[in-house]
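Shown below: start.csv, with CSV, C-alpha atoms and all ligand atoms.
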chain,number,residue,atom,x,y,z
H,1,MET,CA,-23.9,-191.9,66.9
H,2,SER,CA,-22.9,-195.3,68.1
H,3,HIS,CA,-24.7,-198.4,67.0
H,4,ARG,CA,-27.2,-200.2,69.3
H,5,ALA,CA,-28.3,-203.8,69.1
H,6,GLY,CA,-30.0,-206.3,71.4
H,7,PHE,CA,-32.4,-209.2,72.0
H,8,VAL,CA,-35.9,-208.4,73.1
H,9,SER,CA,-37.9,-211.4,74.3
H,10,ILE,CA,-41.7,-211.4,74.3
H,11,ILE,CA,-43.1,-213.8,76.9
H,12,GLY,CA,-46.4,-214.5,78.6
H,13,LYS,CA,-49.3,-216.9,79.0
H,14,PRO,CA,-50.9,-218.5,76.0
H,15,ASN,CA,-53.2,-216.2,74.1
H,16,ALA,CA,-52.0,-213.0,75.8
H,17,GLY,CA,-51.3,-211.5,72.4
H,18,LYS,CA,-47.5,-212.1,72.0
H,19,SER,CA,-47.6,-213.0,68.3
H,20,THR,CA,-49.9,-210.1,67.5
H,21,LEU,CA,-47.5,-207.8,69.4
H,22,MET,CA,-44.4,-209.2,67.6
H,23,ASN,CA,-46.0,-208.6,64.2
H,24,ALA,CA,-47.0,-205.1,65.1
H,25,LEU,CA,-43.5,-204.3,66.3
H,26,VAL,CA,-41.8,-205.9,63.3
H,27,GLY,CA,-44.3,-204.6,60.8
H,28,GLU,CA,-44.5,-208.0,59.1
H,29,LYS,CA,-46.4,-211.1,59.6
H,30,MET,CA,-43.8,-213.3,61.2
H,31,SER,CA,-45.9,-215.3,63.6
H,32,ILE,CA,-49.3,-216.9,63.0
H,33,ILE,CA,-52.2,-215.7,65.1
H,34,THR,CA,-55.3,-217.6,66.1
H,35,PRO,CA,-57.8,-217.3,68.9
H,36,LYS,CA,-56.6,-220.6,70.4
H,37,ALA,CA,-54.0,-221.0,73.1
H,38,GLN,CA,-50.6,-222.5,72.3
H,39,THR,CA,-50.6,-221.5,68.7
H,40,THR,CA,-46.9,-220.6,68.8
H,41,ARG,CA,-44.6,-223.7,69.2
H,42,HIS,CA,-41.2,-222.3,68.3
H,43,ARG,CA,-39.2,-219.4,69.3
H,44,ILE,CA,-39.3,-217.1,66.2
H,45,LEU,CA,-36.9,-214.2,65.6
H,46,GLY,CA,-38.2,-211.0,64.0
H,47,ILE,CA,-35.5,-208.5,63.3
H,48,VAL,CA,-36.0,-204.7,62.9
H,49,ASN,CA,-33.0,-203.2,61.1
H,50,HIS,CA,-32.0,-199.6,60.9
H,51,GLU,CA,-28.8,-197.8,60.0
H,52,ASP,CA,-28.2,-197.0,63.8
H,53,TYR,CA,-29.7,-200.1,65.4
H,54,GLN,CA,-30.9,-203.7,65.2
H,55,ILE,CA,-33.6,-205.0,67.4
H,56,VAL,CA,-33.9,-208.8,67.5
H,57,PHE,CA,-37.4,-209.7,68.8
H,58,SER,CA,-38.2,-213.3,70.0
H,59,ASP,CA,-41.8,-214.5,69.9
H,60,THR,CA,-42.1,-217.4,72.2
H,61,PRO,CA,-44.7,-220.1,73.1
H,62,GLY,CA,-47.0,-219.2,75.9
H,63,VAL,CA,-45.9,-220.4,79.3
H,64,ILE,CA,-47.7,-223.5,80.6
H,65,LYS,CA,-47.0,-226.5,82.8
H,66,PRO,CA,-45.9,-229.1,80.2
H,67,ASN,CA,-48.0,-232.2,79.9
H,68,TYR,CA,-46.1,-233.9,77.1
H,69,LEU,CA,-42.7,-233.8,75.4
H,70,LEU,CA,-43.7,-231.3,72.7
H,71,GLN,CA,-44.8,-228.8,75.4
H,72,GLU,CA,-41.5,-229.5,77.3
H,73,SER,CA,-39.6,-228.5,74.2
H,74,MET,CA,-41.8,-225.4,73.9
H,75,MET,CA,-41.0,-224.4,77.5
H,76,HIS,CA,-37.2,-224.9,76.9
H,77,GLN,CA,-37.5,-222.4,74.1
H,78,VAL,CA,-39.1,-219.9,76.4
H,79,THR,CA,-36.3,-220.4,78.9
H,80,GLY,CA,-33.6,-220.0,76.2
H,81,SER,CA,-35.1,-216.7,75.0
H,82,ILE,CA,-35.2,-215.4,78.6
H,83,VAL,CA,-31.5,-216.2,79.1
H,84,ASP,CA,-30.5,-214.4,75.9
H,85,ALA,CA,-32.6,-211.3,76.5
H,86,ASP,CA,-31.3,-207.8,76.9
H,87,LEU,CA,-34.9,-206.7,77.6
H,88,ILE,CA,-38.0,-208.8,78.4
H,89,LEU,CA,-41.5,-207.8,77.3
H,90,LEU,CA,-44.0,-209.5,79.6
H,91,VAL,CA,-47.3,-209.5,77.8
H,92,THR,CA,-50.4,-210.0,80.0
H,93,ASP,CA,-54.1,-210.0,78.9
H,94,ILE,CA,-55.9,-207.4,81.0
H,95,ASN,CA,-58.7,-209.9,81.5
H,96,GLU,CA,-56.4,-212.7,82.5
H,97,THR,CA,-57.9,-214.4,85.5
H,98,HIS,CA,-55.4,-217.3,85.8
H,99,ASP,CA,-52.4,-217.1,88.1
H,100,GLU,CA,-49.3,-215.9,86.2
H,101,GLY,CA,-47.0,-217.4,88.8
H,102,ASP,CA,-45.5,-219.8,86.2
H,103,VAL,CA,-44.5,-216.9,84.0
H,104,LEU,CA,-42.9,-215.0,86.9
H,105,GLU,CA,-41.1,-218.1,88.0
H,106,LYS,CA,-39.5,-218.3,84.6
H,107,LEU,CA,-38.3,-214.7,84.9
H,108,GLN,CA,-36.4,-215.4,88.0
H,109,GLY,CA,-33.4,-216.8,86.1
H,110,SER,CA,-33.0,-213.5,84.3
H,111,LEU,CA,-31.0,-210.4,85.0
H,112,ALA,CA,-32.6,-208.5,82.1
H,113,PRO,CA,-35.0,-205.6,82.9
H,114,VAL,CA,-38.7,-206.5,82.5
H,115,VAL,CA,-41.3,-204.3,80.9
H,116,VAL,CA,-44.9,-205.2,81.6
H,117,LEU,CA,-47.4,-204.8,78.7
H,118,ILE,CA,-51.0,-204.9,79.7
H,119,ASN,CA,-52.6,-205.9,76.5
H,120,LYS,CA,-56.2,-205.9,75.1
H,121,ILE,CA,-57.2,-202.7,76.8
H,122,ASP,CA,-59.6,-202.2,73.9
H,123,LYS,CA,-61.7,-204.9,75.8
H,124,SER,CA,-61.5,-203.1,79.1
H,125,ASP,CA,-62.1,-199.8,80.8
H,126,GLU,CA,-60.0,-197.1,82.4
H,127,GLU,CA,-60.6,-198.1,86.0
H,128,THR,CA,-59.4,-201.7,85.3
H,129,VAL,CA,-56.3,-200.4,83.5
H,130,LYS,CA,-55.4,-198.3,86.5
H,131,GLN,CA,-56.0,-201.3,88.8
H,132,LYS,CA,-53.8,-203.6,86.7
H,133,ILE,CA,-51.0,-201.0,86.5
H,134,ASP,CA,-51.0,-200.8,90.3
H,135,PHE,CA,-51.1,-204.6,90.6
H,136,TRP,CA,-48.1,-205.1,88.3
H,137,GLN,CA,-46.2,-202.2,90.0
H,138,GLN,CA,-46.6,-203.9,93.4
H,139,LYS,CA,-46.0,-207.4,92.1
H,140,LEU,CA,-42.9,-206.9,90.0
H,141,ASN,CA,-41.7,-203.3,90.2
H,142,PRO,CA,-40.8,-203.5,86.5
H,143,LYS,CA,-38.7,-201.1,84.5
H,144,ALA,CA,-41.8,-199.8,82.9
H,145,ILE,CA,-45.5,-200.6,82.4
H,146,PHE,CA,-47.5,-199.9,79.2
H,147,ALA,CA,-51.2,-200.4,78.7
H,148,ILE,CA,-51.6,-201.4,75.1
H,149,SER,CA,-53.7,-202.9,72.4
H,150,ALA,CA,-51.5,-205.0,70.1
H,151,LEU,CA,-54.4,-205.7,67.8
H,152,HIS,CA,-55.2,-202.0,67.3
H,153,GLU,CA,-51.6,-201.0,67.5
H,154,HIS,CA,-52.2,-198.7,70.4
H,155,ASN,CA,-49.1,-197.6,72.2
H,156,ILE,CA,-46.8,-199.7,69.9
H,157,LYS,CA,-44.7,-196.6,69.1
H,158,ALA,CA,-44.2,-195.9,72.8
H,159,ILE,CA,-42.9,-199.4,73.3
H,160,MET,CA,-40.5,-199.0,70.3
H,161,ASP,CA,-39.2,-195.7,71.7
H,162,PHE,CA,-38.7,-197.3,75.1
H,163,ILE,CA,-36.8,-200.2,73.6
H,164,LEU,CA,-34.6,-198.0,71.5
H,165,GLU,CA,-33.7,-195.9,74.6
H,166,ASN,CA,-32.8,-199.0,76.5
H,167,LEU,CA,-31.0,-201.0,73.8
H,168,PRO,CA,-27.3,-201.7,74.6
H,169,GLU,CA,-24.5,-200.2,72.5
H,170,HIS,CA,-23.5,-203.1,70.4
H,171,PRO,CA,-22.7,-204.0,66.8
H,172,ALA,CA,-25.4,-205.7,64.7
H,173,TYR,CA,-25.8,-209.4,65.5
H,174,TYR,CA,-27.1,-210.3,62.1
H,175,GLU,CA,-26.7,-209.0,58.5
H,176,LYS,CA,-28.8,-205.9,58.1
H,177,ASP,CA,-31.0,-207.5,55.4
H,178,PHE,CA,-31.8,-210.4,57.7
H,179,LEU,CA,-35.4,-210.3,58.9
H,180,THR,CA,-35.9,-213.7,60.6
H,181,ASP,CA,-34.1,-216.9,61.5
H,182,ARG,CA,-36.8,-218.9,59.8
H,183,ASN,CA,-36.9,-219.9,56.2
H,184,ASP,CA,-39.7,-219.9,53.6
H,185,ARG,CA,-40.6,-223.6,54.2
H,186,PHE,CA,-41.2,-222.8,57.9
H,187,PHE,CA,-43.5,-219.9,57.0
H,188,ALA,CA,-45.4,-222.1,54.5
H,189,SER,CA,-45.9,-224.8,57.1
H,190,GLU,CA,-47.0,-222.2,59.7
H,191,MET,CA,-49.6,-220.8,57.3
H,192,ILE,CA,-51.2,-224.3,57.0
H,193,ARG,CA,-51.0,-224.8,60.7
H,194,GLU,CA,-52.7,-221.5,61.2
H,195,GLN,CA,-55.7,-222.7,59.2
H,196,VAL,CA,-55.8,-226.0,61.1
H,197,PHE,CA,-56.0,-224.0,64.3
H,198,LYS,CA,-58.7,-221.8,62.9
H,199,GLN,CA,-60.9,-224.5,61.2
H,200,TYR,CA,-61.0,-227.3,63.7
H,201,LYS,CA,-62.1,-227.7,67.3
H,202,LYS,CA,-60.8,-229.6,70.3
H,203,GLU,CA,-57.7,-231.6,70.1
H,204,ILE,CA,-57.1,-231.6,66.4
H,205,PRO,CA,-54.9,-228.4,66.3
H,206,TYR,CA,-52.8,-229.6,69.2
H,207,SER,CA,-52.3,-233.0,67.6
H,208,THR,CA,-51.2,-231.6,64.2
H,209,GLU,CA,-47.8,-230.9,62.7
H,210,VAL,CA,-47.2,-229.7,59.2
H,211,ILE,CA,-44.1,-230.8,57.2
H,212,ILE,CA,-43.2,-229.2,53.9
H,213,THR,CA,-42.0,-232.0,51.6
H,214,GLU,CA,-41.5,-230.0,48.5
H,215,PHE,CA,-40.8,-226.3,47.9
H,216,LYS,CA,-40.0,-225.6,44.3
H,217,GLU,CA,-39.5,-222.0,43.2
H,218,SER,CA,-39.8,-220.6,39.8
H,219,ASP,CA,-40.3,-217.0,38.6
H,220,ASP,CA,-44.0,-216.9,38.7
H,221,LEU,CA,-45.0,-219.9,40.8
H,222,TYR,CA,-44.1,-221.7,44.0
H,223,ARG,CA,-44.9,-225.4,44.0
H,224,ILE,CA,-45.5,-226.5,47.6
H,225,SER,CA,-46.3,-230.0,48.9
H,226,ALA,CA,-47.1,-230.6,52.6
H,227,GLU,CA,-47.8,-233.5,54.9
H,228,ILE,CA,-50.3,-232.8,57.7
H,229,ILE,CA,-49.5,-235.2,60.5
H,230,VAL,CA,-52.1,-236.2,63.1
H,231,GLU,CA,-52.0,-238.8,65.9
H,232,ARG,CA,-55.0,-241.0,65.0
H,233,ASP,CA,-57.1,-242.3,62.1
H,234,SER,CA,-60.2,-240.6,63.6
H,235,GLN,CA,-58.3,-237.3,63.5
H,236,LYS,CA,-57.3,-237.9,59.9
H,237,ASN,CA,-61.0,-238.4,58.9
H,238,ILE,CA,-62.1,-235.2,60.7
H,239,LEU,CA,-59.2,-233.3,59.1
H,240,ILE,CA,-60.1,-234.4,55.6
H,241,GLY,CA,-63.9,-234.1,56.1
H,242,LYS,CA,-66.7,-235.4,54.0
H,243,ASN,CA,-65.5,-235.7,50.4
H,244,GLY,CA,-62.4,-233.8,51.4
H,245,GLU,CA,-64.3,-230.6,52.0
H,246,MET,CA,-62.6,-229.6,55.2
H,247,LEU,CA,-59.1,-230.1,53.8
H,248,LYS,CA,-60.1,-228.1,50.8
H,249,ILE,CA,-61.0,-225.1,53.0
H,250,VAL,CA,-57.7,-225.3,54.8
H,251,GLY,CA,-55.9,-225.5,51.5
H,252,THR,CA,-57.7,-222.5,50.0
H,253,TYR,CA,-57.1,-220.2,53.0
H,254,ALA,CA,-53.5,-221.4,53.4
H,255,ARG,CA,-52.8,-220.8,49.7
H,256,ARG,CA,-54.2,-217.3,49.9
H,257,SER,CA,-52.0,-216.5,52.9
H,258,MET,CA,-49.0,-217.9,51.1
H,259,GLU,CA,-49.7,-215.9,47.9
H,260,ASP,CA,-49.9,-212.7,50.1
H,261,PHE,CA,-46.7,-213.6,52.0
H,262,PHE,CA,-44.5,-214.7,49.1
H,263,GLN,CA,-46.1,-212.5,46.4
H,264,ARG,CA,-46.2,-215.4,44.1
H,265,LYS,CA,-48.8,-217.7,42.7
H,266,ILE,CA,-48.9,-220.9,44.8
H,267,PHE,CA,-49.7,-224.4,43.8
H,268,LEU,CA,-50.4,-226.3,47.0
H,269,GLN,CA,-50.8,-230.0,47.5
H,270,MET,CA,-51.5,-231.6,50.9
H,271,PHE,CA,-51.5,-235.1,52.2
H,272,VAL,CA,-52.6,-236.3,55.6
H,273,LYS,CA,-50.6,-238.9,57.5
H,274,VAL,CA,-51.0,-240.6,60.9
H,275,ILE,CA,-48.1,-241.0,63.3
H,276,GLY,CA,-49.3,-242.3,66.6
H,277,ASP,CA,-48.4,-240.2,69.6
H,278,TRP,CA,-45.8,-238.1,67.8
H,279,ARG,CA,-46.0,-235.3,70.4
H,280,SER,CA,-44.5,-237.7,73.0
H,281,LYS,CA,-41.8,-239.3,70.8
H,282,LYS,CA,-38.4,-237.8,70.9
H,283,ASN,CA,-37.3,-239.0,67.5
H,284,TYR,CA,-40.3,-237.4,65.8
H,285,LEU,CA,-40.0,-234.2,67.7
H,286,LYS,CA,-36.4,-233.9,66.7
H,287,GLN,CA,-37.2,-234.7,63.1
H,288,PHE,CA,-39.9,-232.0,63.2
H,289,GLY,CA,-37.4,-229.4,64.4
H,290,TYR,CA,-38.2,-229.2,68.1
H,291,GLU,CA,-35.0,-229.0,70.2
H,292,ASP,CA,-34.5,-230.9,73.4
H,301,LIG,N1,-59.2,-207.5,71.5
H,301,LIG,C1,-57.9,-207.7,71.4
H,301,LIG,N2,-57.6,-209.0,71.0
H,301,LIG,C2,-56.2,-209.2,70.9
H,301,LIG,C3,-55.2,-208.2,71.1
H,301,LIG,N3,-54.0,-208.7,70.9
H,301,LIG,C4,-54.2,-210.0,70.5
H,301,LIG,N4,-55.6,-210.3,70.5
H,301,LIG,C5,-56.2,-211.6,70.1
H,301,LIG,O1,-55.9,-212.6,71.0
H,301,LIG,C6,-55.8,-213.9,70.4
H,301,LIG,C7,-54.4,-214.5,70.7
H,301,LIG,O2,-53.4,-213.7,70.1
H,301,LIG,P1,-51.9,-214.2,69.8
H,301,LIG,O3,-51.1,-213.1,69.3
H,301,LIG,O4,-52.0,-215.5,68.9
H,301,LIG,O5,-51.5,-214.7,71.3
H,301,LIG,P2,-50.2,-215.4,71.8
H,301,LIG,O6,-49.9,-214.9,73.1
H,301,LIG,O7,-49.1,-215.3,70.7
H,301,LIG,O8,-50.7,-216.9,71.9
H,301,LIG,P3,-49.9,-218.3,72.0
H,301,LIG,O9,-49.4,-218.6,70.7
H,301,LIG,O10,-51.0,-219.3,72.4
H,301,LIG,O11,-48.9,-218.2,73.1
H,301,LIG,C8,-56.0,-213.6,68.9
H,301,LIG,O12,-57.4,-213.9,68.6
H,301,LIG,C9,-55.7,-212.1,68.8
H,301,LIG,O13,-56.4,-211.5,67.7
H,301,LIG,C10,-55.7,-206.9,71.5
H,301,LIG,O14,-54.9,-206.0,71.7
H,301,LIG,N5,-57.1,-206.7,71.6
Any chance you could give the structure as structure tokens?
Amino acid sequence: MSHRAGFVSIIGKPNAGKSTLMNALVGEKMSIITPKAQTTRHRILGIVNHEDYQIVFSDTPGVIKPNYLLQESMMHQVTGSIVDADLILLVTDINETHDEGDVLEKLQGSLAPVVVLINKIDKSDEETVKQKIDFWQQKLNPKAIFAISALHEHNIKAIMDFILENLPEHPAYYEKDFLTDRNDRFFASEMIREQVFKQYKKEIPYSTEVIITEFKESDDLYRISAEIIVERDSQKNILIGKNGEMLKIVGTYARRSMEDFFQRKIFLQMFVKVIGDWRSKKNYLKQFGYED
């Protein structure tokens, strides 16, 4: 049989369940998942390799109207992943009440077939599922529609089968042992960011960036140092908490995630630093790995 390979982009509104889906499809924790919107800031590749095929999934930031430079960069990454796609998975929360016009607008530039995935059906009922299927059929006339639960891995196999049937004949794009375009430092920083998103309210998660300043590997231990960047002194105080208690919680959970992910003992050190308005400053965004 000939070899198949292609790019499959996962797009949708914030919080629709894109990262949960990507992890379910890839079978590894590639993308961090939190209950808050706009958790994912970068396009992240997750690659499924097989002797006969290679599927290159892209998890992308949720589509929003950008308010500051960081969000603009996030939206450029969505656009880039749509342009590259052989197939687009449009993830929509079954209980989404907001207009998804901005997502559909983004799709207009693409020739790739679109599959609509109505997610979180575990939080809905049969009648609503039927209505939503009709709605998306009318609205988009997509190549296919699946009602799924990414969280409970319901219908994930059906999506995989569909993707395989529709993957172009093509040689592999990446080496077959390549699982992602991101390195260990990236995953380490994401695991800290995941805890910041989980442990703090309001604007703290959105004002935070995590930079890995040291990543030393030895056989039985990874020594990791990180800077947590916030925009104001008041945020720094909240982040650290009374007697450093909050930061300790972040460190404990992040370290556990890292030990799970890297299968190593982790020694983690974190420092909090203030950089005023970094989210709106081109030089910092560039330095932190956000493309224009
Ligand atoms: N009940 C239920 N919850 C889900 C399902 N899929 C995802 N979630 C939850 O929805 C929330 C958001 O999930 P993510 O996967 O981070 O969503 P996302 O679309 O990547 O979000 P952004 O990074 O903001 O774009 C998390 O709390 C998930 O656990 C599902 O099938 N059922």
- Task: Check every protein, DNA and RNA residue against ligand LIG 301 (chain H), keep those with an atom at most 8 Å away (counting all atoms listed in the file), and present them as an MDAnalysis selection string.
- Result: chainID H and resid 11:22 31:41 59:63 91 119:123 148:154
- Nearest residue to H:Glu259 from the set H:Glu169, H:Asp220, H:Asp161, H:Glu227 (distances using only C-alpha atoms): H:Asp220
- Task: State, in Å with one decimal place, the distance from atom CA of H:Ala188 to atom CA of H:Pro205.
- Result: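 Separation of atom CA of H:Ala188 and atom CA of H:Pro205: 16.4 Å.
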- Note on the structure: In terms of only C-alpha atoms, the residue from H:Thr180, H:Asn67, H:Thr252, H:Gln287 at minimal distance from H:Gln199 is H:Thr252
- Item | Point-to-point distance in Å for atom CA of H:Gln269 and atom CA of H:Gly46 |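 Separating atom CA of H:Gly46 from atom CA of H:Gln269 is a distance of 28.1 Å.
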- Message: Report as a ChimeraX atom specification all protein, DNA and RNA residues lying within 9 Å of H:Met258, evaluated on only C-alpha atoms, omitting residues in the same chain fewer than 4 positions from it.
- Response: /H:187-188,191-192,253-254,262-266
- Message: Excluding stretch 96-108 of chain H and its own-chain neighbours fewer than 3 positions away, which residues fall within 12 Å of it when counting only C-alpha atoms? Please give them as JSON, numbers by chain.
- Response: {"H": [9, 10, 11, 12, 13, 14, 15, 16, 17, 61, 62, 63, 64, 65, 66, 75, 76, 77, 78, 79, 80, 81, 82, 83, 84, 85, 87, 88, 89, 90, 91, 92, 93, 111, 112, 113, 114, 115, 116, 118, 119, 120, 121, 123, 124, 128, 132, 136, 139, 140, 142]}
Any chance you could export the current selection's C-alpha atoms as a compact mmCIF listing (two decimals), in the frame of the given file?
# COMPACT_ATOMS: atom_id res chain seq x y z
CA SER H 9 -37.90 -211.40 74.30
CA ILE H 10 -41.70 -211.40 74.30
CA ILE H 11 -43.10 -213.80 76.90
CA GLY H 12 -46.40 -214.50 78.60
CA LYS H 13 -49.30 -216.90 79.00
CA PRO H 14 -50.90 -218.50 76.00
CA ASN H 15 -53.20 -216.20 74.10
CA ALA H 16 -52.00 -213.00 75.80
CA GLY H 17 -51.30 -211.50 72.40
CA PRO H 61 -44.70 -220.10 73.10
CA GLY H 62 -47.00 -219.20 75.90
CA VAL H 63 -45.90 -220.40 79.30
CA ILE H 64 -47.70 -223.50 80.60
CA LYS H 65 -47.00 -226.50 82.80
CA PRO H 66 -45.90 -229.10 80.20
CA MET H 75 -41.00 -224.40 77.50
CA HIS H 76 -37.20 -224.90 76.90
CA GLN H 77 -37.50 -222.40 74.10
CA VAL H 78 -39.10 -219.90 76.40
CA THR H 79 -36.30 -220.40 78.90
CA GLY H 80 -33.60 -220.00 76.20
CA SER H 81 -35.10 -216.70 75.00
CA ILE H 82 -35.20 -215.40 78.60
CA VAL H 83 -31.50 -216.20 79.10
CA ASP H 84 -30.50 -214.40 75.90
CA ALA H 85 -32.60 -211.30 76.50
CA LEU H 87 -34.90 -206.70 77.60
CA ILE H 88 -38.00 -208.80 78.40
CA LEU H 89 -41.50 -207.80 77.30
CA LEU H 90 -44.00 -209.50 79.60
CA VAL H 91 -47.30 -209.50 77.80
CA THR H 92 -50.40 -210.00 80.00
CA ASP H 93 -54.10 -210.00 78.90
CA LEU H 111 -31.00 -210.40 85.00
CA ALA H 112 -32.60 -208.50 82.10
CA PRO H 113 -35.00 -205.60 82.90
CA VAL H 114 -38.70 -206.50 82.50
CA VAL H 115 -41.30 -204.30 80.90
CA VAL H 116 -44.90 -205.20 81.60
CA ILE H 118 -51.00 -204.90 79.70
CA ASN H 119 -52.60 -205.90 76.50
CA LYS H 120 -56.20 -205.90 75.10
CA ILE H 121 -57.20 -202.70 76.80
CA LYS H 123 -61.70 -204.90 75.80
CA SER H 124 -61.50 -203.10 79.10
CA THR H 128 -59.40 -201.70 85.30
CA LYS H 132 -53.80 -203.60 86.70
CA TRP H 136 -48.10 -205.10 88.30
CA LYS H 139 -46.00 -207.40 92.10
CA LEU H 140 -42.90 -206.90 90.00
CA PRO H 142 -40.80 -203.50 86.50
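Remark: for H:Ile224, the closest of the candidate residues H:Val210, H:Ile238, H:Leu45, H:Leu268 is H:Leu268 (distances computed over only C-alpha atoms).
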- Task: Have a look at H:Leu285, H:Ile163, H:Ala172, H:Ile145 and name the one nearest to H:Glu209; count all atoms listed in the file.
- Result: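 Under the stated criterion, the closest residue is H:Leu285.
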- Which of these, H:Phe57, H:Phe215, H:Phe162, H:Tyr290, has the shortest distance to H:Leu179 once you count only C-alpha atoms?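 Of H:Phe57, H:Phe215, H:Phe162, H:Tyr290, the one nearest H:Leu179, counting only C-alpha atoms, is H:Phe57.
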- Item | Length of the atom CA of H:Ser189 to atom CA of H:Leu221 vector [Å] |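 We find that atom CA of H:Ser189 and atom CA of H:Leu221 lie 17.0 Å from each other.
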Dump as a tab-separated table the rows for residues of stretch 152-208 of chain H within 9 Å of stretch 247-251 of chain H: closest atom pair and distance in Å with one decimal, all atoms listed in the file counted, ordered by chain and rising residue number.
residue	atom	partner	partner_atom	distance
H:Ile192	CA	H:Val250	CA	6.9
H:Arg193	CA	H:Val250	CA	8.9
H:Glu194	CA	H:Val250	CA	9.0
H:Gln195	CA	H:Val250	CA	5.5
H:Val196	CA	H:Val250	CA	6.6
H:Lys198	CA	H:Val250	CA	8.9
H:Gln199	CA	H:Val250	CA	7.2
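If only C-alpha atoms are the atoms counted, then among H:Ala226, H:Ile212, H:Met270, H:Ile133 the closest residue to H:Ile240 is H:Met270.
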- Might you pull out every residue within 8 Å of H:Val274, with only C-alpha atoms counted and same-chain residues fewer than 3 positions away left off, and present them as a list in words?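 After dropping sequence-adjacent residues, the list is Ile229, Val230, Glu231, Arg232, Asp233 and Lys236 of chain H.
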With C-alpha atoms kept, could you save the residues just selected as a tab-separated table (two decimals), keeping the file's coordinate frame?
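Output file again.tsv is given in full below:
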chain	number	residue	atom	x	y	z
H	229	ILE	CA	-49.50	-235.20	60.50
H	230	VAL	CA	-52.10	-236.20	63.10
H	231	GLU	CA	-52.00	-238.80	65.90
H	232	ARG	CA	-55.00	-241.00	65.00
H	233	ASP	CA	-57.10	-242.30	62.10
H	236	LYS	CA	-57.30	-237.90	59.90
Save N, CA and C atoms of stretch 108-124 of chain H from the block above as a PDB file, in the first residue's frame.
ATOM      1  N   GLN H 108     -12.437  30.861   5.695  1.00  0.00           N
ATOM      2  CA  GLN H 108     -12.706  31.244   4.312  1.00  0.00           C
ATOM      3  C   GLN H 108     -11.474  31.206   3.416  1.00  0.00           C
ATOM      4  N   GLY H 109     -10.310  31.422   4.019  1.00  0.00           N
ATOM      5  CA  GLY H 109      -9.086  31.400   3.229  1.00  0.00           C
ATOM      6  C   GLY H 109      -8.619  30.002   2.865  1.00  0.00           C
ATOM      7  N   SER H 110      -9.358  28.982   3.238  1.00  0.00           N
ATOM      8  CA  SER H 110      -8.835  27.618   3.098  1.00  0.00           C
ATOM      9  C   SER H 110      -9.597  26.792   2.063  1.00  0.00           C
ATOM     10  N   LEU H 111      -8.848  25.955   1.366  1.00  0.00           N
ATOM     11  CA  LEU H 111      -9.478  25.050   0.419  1.00  0.00           C
ATOM     12  C   LEU H 111      -9.657  23.662   1.036  1.00  0.00           C
ATOM     13  N   ALA H 112      -9.065  23.470   2.212  1.00  0.00           N
ATOM     14  CA  ALA H 112      -9.094  22.146   2.840  1.00  0.00           C
ATOM     15  C   ALA H 112     -10.509  21.791   3.287  1.00  0.00           C
ATOM     16  N   PRO H 113     -10.880  20.515   3.155  1.00  0.00           N
ATOM     17  CA  PRO H 113     -12.186  20.102   3.659  1.00  0.00           C
ATOM     18  C   PRO H 113     -12.287  20.285   5.175  1.00  0.00           C
ATOM     19  N   VAL H 114     -13.489  20.606   5.622  1.00  0.00           N
ATOM     20  CA  VAL H 114     -13.711  20.850   7.052  1.00  0.00           C
ATOM     21  C   VAL H 114     -14.586  19.745   7.640  1.00  0.00           C
ATOM     22  N   VAL H 115     -14.166  19.261   8.797  1.00  0.00           N
ATOM     23  CA  VAL H 115     -14.984  18.314   9.558  1.00  0.00           C
ATOM     24  C   VAL H 115     -15.423  19.021  10.825  1.00  0.00           C
ATOM     25  N   VAL H 116     -16.713  19.015  11.105  1.00  0.00           N
ATOM     26  CA  VAL H 116     -17.196  19.660  12.330  1.00  0.00           C
ATOM     27  C   VAL H 116     -17.282  18.618  13.444  1.00  0.00           C
ATOM     28  N   LEU H 117     -16.673  18.940  14.573  1.00  0.00           N
ATOM     29  CA  LEU H 117     -16.732  18.058  15.738  1.00  0.00           C
ATOM     30  C   LEU H 117     -17.527  18.748  16.830  1.00  0.00           C
ATOM     31  N   ILE H 118     -18.704  18.263  17.095  1.00  0.00           N
ATOM     32  CA  ILE H 118     -19.537  18.832  18.157  1.00  0.00           C
ATOM     33  C   ILE H 118     -19.117  18.151  19.454  1.00  0.00           C
ATOM     34  N   ASN H 119     -18.435  18.932  20.295  1.00  0.00           N
ATOM     35  CA  ASN H 119     -17.775  18.340  21.471  1.00  0.00           C
ATOM     36  C   ASN H 119     -18.607  18.528  22.751  1.00  0.00           C
ATOM     37  N   LYS H 120     -18.228  17.783  23.759  1.00  0.00           N
ATOM     38  CA  LYS H 120     -18.816  17.829  25.109  1.00  0.00           C
ATOM     39  C   LYS H 120     -20.253  17.308  25.101  1.00  0.00           C
ATOM     40  N   ILE H 121     -20.525  16.315  24.272  1.00  0.00           N
ATOM     41  CA  ILE H 121     -21.904  15.793  24.242  1.00  0.00           C
ATOM     42  C   ILE H 121     -22.249  15.075  25.546  1.00  0.00           C
ATOM     43  N   ASP H 122     -21.219  14.766  26.354  1.00  0.00           N
ATOM     44  CA  ASP H 122     -21.500  14.208  27.685  1.00  0.00           C
ATOM     45  C   ASP H 122     -22.245  15.199  28.563  1.00  0.00           C
ATOM     46  N   LYS H 123     -22.190  16.484  28.168  1.00  0.00           N
ATOM     47  CA  LYS H 123     -22.896  17.501  28.955  1.00  0.00           C
ATOM     48  C   LYS H 123     -24.163  17.966  28.222  1.00  0.00           C
ATOM     49  N   SER H 124     -24.758  17.058  27.425  1.00  0.00           N
ATOM     50  CA  SER H 124     -25.906  17.468  26.643  1.00  0.00           C
ATOM     51  C   SER H 124     -26.898  16.304  26.518  1.00  0.00           C
TER      52      SER H 124
END
